[in-house]
Each structure stands twice: as structure tokens, then as C-alpha cells.
Amino acid sequence: MTEKVRFLEEIGANGHVALNVLQYDGWLLRFTNGYTSRANSVCVLYPSTRPVDEKIAYCEKCYASQGLPTIFKVTDLDKEFSDLLARRGYQIVTPTDVMEVVATDAENETLCHENAGKVSGGCGEVHCKFSSEPSEWLPHYFAFENITDETKKNTFQKMLSRVMIDASYGILYYEGEPVACASIAVEHGYALLHNVIVTSSMRGKGLGEKLCRAMIAKAKEMGADHVFLQVVQSNQVAMNLYKKLGFQKDYTYWYMKKA
């Protein structure tokens, strides 16, 4: 399990990149203007040699110099370290499950790519449009996520521009209107499915499921044998959807942050 966790954490970071990474004795300190905890936290997956108290103090100094809180991202492998941080006043934030499913192209039976035509499903006519670059996709993502801050927009755009592995950006259309989007990043036969969002007015219509099935099929088309994702444990709606799609839990990670 140790190697599997490290593998998924590595390719997950390659799909959701930090703008700056500082390597420190086996730890990776990630900085991205405070946009998302994943890209602004300390990854502690690798073995280290320096005293842990010294390393924690160094991390706290680095993040303070950037005007950011010190956040540690820990997994099931790091329970002892997590307990140590708790004794130092850090608290667990957003426990998240990493889930995985075998990729299949069977989804194309119910939802076609735009260049293959449209099909009518139970919730109306739907189709999914894909692009290898995010310029058309980004405005829809910002609108569905209600992101209006220009600094956040610019930061996320820079993050996407630095993704060096194969990626695809999908927009789901319902009766001709864009209603949902997601992206995948593919490496070593695995696809990270993330940035999944359905516009608020269209939730509860099964569109999230159609979108995810289309993205899984696209991942298969791009050479992925497995698809994995990260879902916050408290998001029961998303959790139920992913279980319905066949995703099963690999491991859990969480953030440690001072109140």
C-alpha cells in the first residue's frame, strides 16, 4: 500500500500542480498564492533524516514568509506524524478519500462525444465536448464554481498552463447549454478525474453522472486503465455518485492546520 499511495500522490500532484515547490529533506513544500490546500501544503510522503521538530519549525518559517498558514498534507501512512502535529496544536481539516475505478469505454453507449453526434437521455439531450487545452473550458468552470476573484482566476490558469502530462477538459451540454465540466490528467495508465462541477441550477438531474461517465470513457480513449479521484468525506452526494460509478476507496488523506 505504501508504494500505491506514493504513486497516486505523485501523479495527483502532476495533474494539480503547485506554482512553486521547495524540496526539503524528503518533504515537498508547495506554494500557489493560497489557492487550494493541495497546492499550498507540505507533502510528507518521502523518508527524511533531519529531526522532525527542526523540520516543522522550518516549514512554519517558510510559509509565514509567504503570508500563508502552514498546512501539512498527511495520509494513512502518516498517523504517527499526524498525532505529533495534533499535540503541537494542529487540527485535522477536510478528511478526503482517494477512490479508484477501472476505466471503461462503455459509457459511450449512453453519451457520445460531440464529434460522434448527440443522444437523448432521461434528462434531455446531452453531449460532451472535449479539448486538450483549457481556454474554452475555463470560463465555464469559473462560472459554475462562482469564482469571480481575478487573482484566483489568474492563479488557476497558471496552474493549468504548467501541467506537463496529457490532459483533457470536458464540458457537458444539456439541450445546447453548457451545464457541467470536469478535467482529467493522464499518466502511467492512470487518470486523475478532478474539477468536477455542475452548475447549481441543474443539479439533481443526473448530469454529474453523465459527465463522469463521459470523462471516464475519455480517459480510456487516452490510454488510462484506471481512473482515480479525491472526494471530501463530508460530501455525501459526491461520495454516493462515485460509489454508483464503481469507485472504491484506496486510502484517506487529510490536512493538519492550526486553528
# chains A, B, ... in the order shown; residues from 1 in each chain; ligands from 1
call {"tool": "select_by_dssp", "arguments": {"residues": "region 225-259 of chain A", "states": "alpha helix (DSSP H)", "output": "list in words"}}
result
Gln236, Val237, Ala238, Met239, Asn240, Leu241, Tyr242, Lys243 and Lys244 of chain A
call {"tool": "write_last_selection", "arguments": {"atoms": "C-alpha atoms", "output": "CSV table (one decimal), in the first residue's frame"}}
result
chain,number,residue,atom,x,y,z
A,236,GLN,CA,-22.1,12.6,0.7
A,237,VAL,CA,-23.8,13.5,-2.6
A,238,ALA,CA,-20.5,13.2,-4.5
A,239,MET,CA,-19.5,10.1,-2.5
A,240,ASN,CA,-22.7,8.3,-3.4
A,241,LEU,CA,-22.3,9.2,-7.1
A,242,TYR,CA,-18.7,7.9,-7.2
A,243,LYS,CA,-19.7,4.7,-5.5
A,244,LYS,CA,-22.5,4.2,-8.0
call {"tool": "residues_around", "arguments": {"residues": "region 91-99 of chain A", "least_positions_apart": "5", "cutoff": "12 Å", "atoms": "only C-alpha atoms", "output": "short mmCIF file (atom, residue, chain, number, x, y, z; two decimals) with C-alpha atoms, in the first residue's frame"}}
result
data_model
loop_
_atom_site.label_atom_id
_atom_site.label_comp_id
_atom_site.auth_asym_id
_atom_site.auth_seq_id
_atom_site.Cartn_x
_atom_site.Cartn_y
_atom_site.Cartn_z
CA LYS A 4 0.48 2.76 -4.22
CA VAL A 5 -0.15 5.78 -2.01
CA LEU A 8 -1.13 8.23 -6.65
CA GLU A 9 0.05 11.20 -4.61
CA GLY A 12 -2.13 13.59 -8.45
CA THR A 36 -6.31 25.28 -2.78
CA SER A 37 -4.80 23.43 0.15
CA ARG A 38 -3.36 20.75 -2.16
CA THR A 70 1.42 26.22 7.45
CA ILE A 71 -0.59 23.22 6.28
CA PHE A 72 0.60 19.62 6.27
CA LYS A 73 -0.98 17.06 3.94
CA VAL A 74 -0.81 13.62 5.53
CA THR A 75 -2.14 10.20 4.55
CA ASP A 76 -2.98 6.94 6.27
CA LYS A 79 -0.72 8.59 11.53
CA SER A 82 -0.41 13.43 12.42
CA ASP A 83 -0.63 12.71 16.15
CA LEU A 84 2.57 14.69 16.72
CA LEU A 85 1.15 17.68 14.87
CA ALA A 86 -2.05 17.43 16.92
CA ALA A 191 -6.21 9.33 -14.96
CA LEU A 192 -6.90 11.89 -12.27
CA LEU A 193 -10.54 12.99 -12.54
CA HIS A 194 -10.98 16.40 -10.93
CA HIS A 226 -7.64 3.26 -14.11
CA VAL A 227 -9.31 6.49 -13.04
CA PHE A 228 -8.88 7.96 -9.56
CA LEU A 229 -10.27 10.99 -7.78
CA GLN A 230 -10.27 12.77 -4.44
CA VAL A 231 -13.56 13.38 -2.62
CA VAL A 232 -14.07 15.10 0.73
CA GLN A 233 -15.68 12.63 3.13
CA SER A 234 -18.39 15.09 4.17
CA ASN A 235 -19.58 15.47 0.54
CA GLN A 236 -22.06 12.61 0.72
CA ALA A 238 -20.50 13.15 -4.49
CA MET A 239 -19.49 10.10 -2.49
CA ASN A 240 -22.73 8.33 -3.41
CA LEU A 241 -22.26 9.21 -7.08
CA TYR A 242 -18.72 7.87 -7.23
CA LYS A 243 -19.70 4.65 -5.48
CA LEU A 245 -19.92 4.57 -10.76
CA GLY A 246 -17.88 1.78 -9.18
CA PHE A 247 -15.16 3.80 -7.46
CA GLN A 248 -13.66 2.14 -4.40
CA LYS A 249 -11.54 3.70 -1.67
CA ASP A 250 -7.75 3.31 -1.83
CA TYR A 251 -6.76 5.45 1.15
CA THR A 252 -7.54 8.66 3.05
CA TYR A 253 -5.60 11.89 3.37
CA TRP A 254 -6.26 14.98 5.45
CA TYR A 255 -4.74 18.37 6.18
CA MET A 256 -3.30 19.48 9.51
CA LYS A 257 -3.66 23.19 10.17
CA LYS A 258 -3.51 25.39 13.27
CA ALA A 259 -6.83 26.97 14.25
#
call {"tool": "select_by_dssp", "arguments": {"residues": "region 134-202 of chain A", "states": "strand (DSSP E)", "output": "list in words"}}
result
Asp166, Ala167, Ser168, Tyr169, Gly170, Ile171, Leu172, Tyr173, Tyr174, Glu177, Pro178, Val179, Ala180, Cys181, Ala182, Ser183, Ile184, Ala185, Val186, Glu187, Tyr190, Ala191, Leu192, Leu193, His194, Asn195, Val196, Ile197 and Val198 of chain A
call {"tool": "closest_residue", "arguments": {"among": "A:Ile171, A:Val42, A:Ala217, A:Leu207", "to": "Pro69 (chain A)", "atoms": "only C-alpha atoms"}}
result
A:Val42
call {"tool": "closest_residue", "arguments": {"among": "A:Leu160, A:Val102, A:Ala13, A:Val179", "to": "His140 (chain A)", "atoms": "only C-alpha atoms"}}
result
A:Val179
call {"tool": "residues_around", "arguments": {"residues": "Cys62 (chain A)", "least_positions_apart": "2", "cutoff": "12 Å", "atoms": "only C-alpha atoms", "output": "MDAnalysis selection string"}}
result
chainID A and resid 21:24 28:31 40:42 55:60 64:71
call {"tool": "atom_distance", "arguments": {"atom1": "CA of Thr104 (chain A)", "atom2": "CA of Ala180 (chain A)"}}
result
21.0 Å
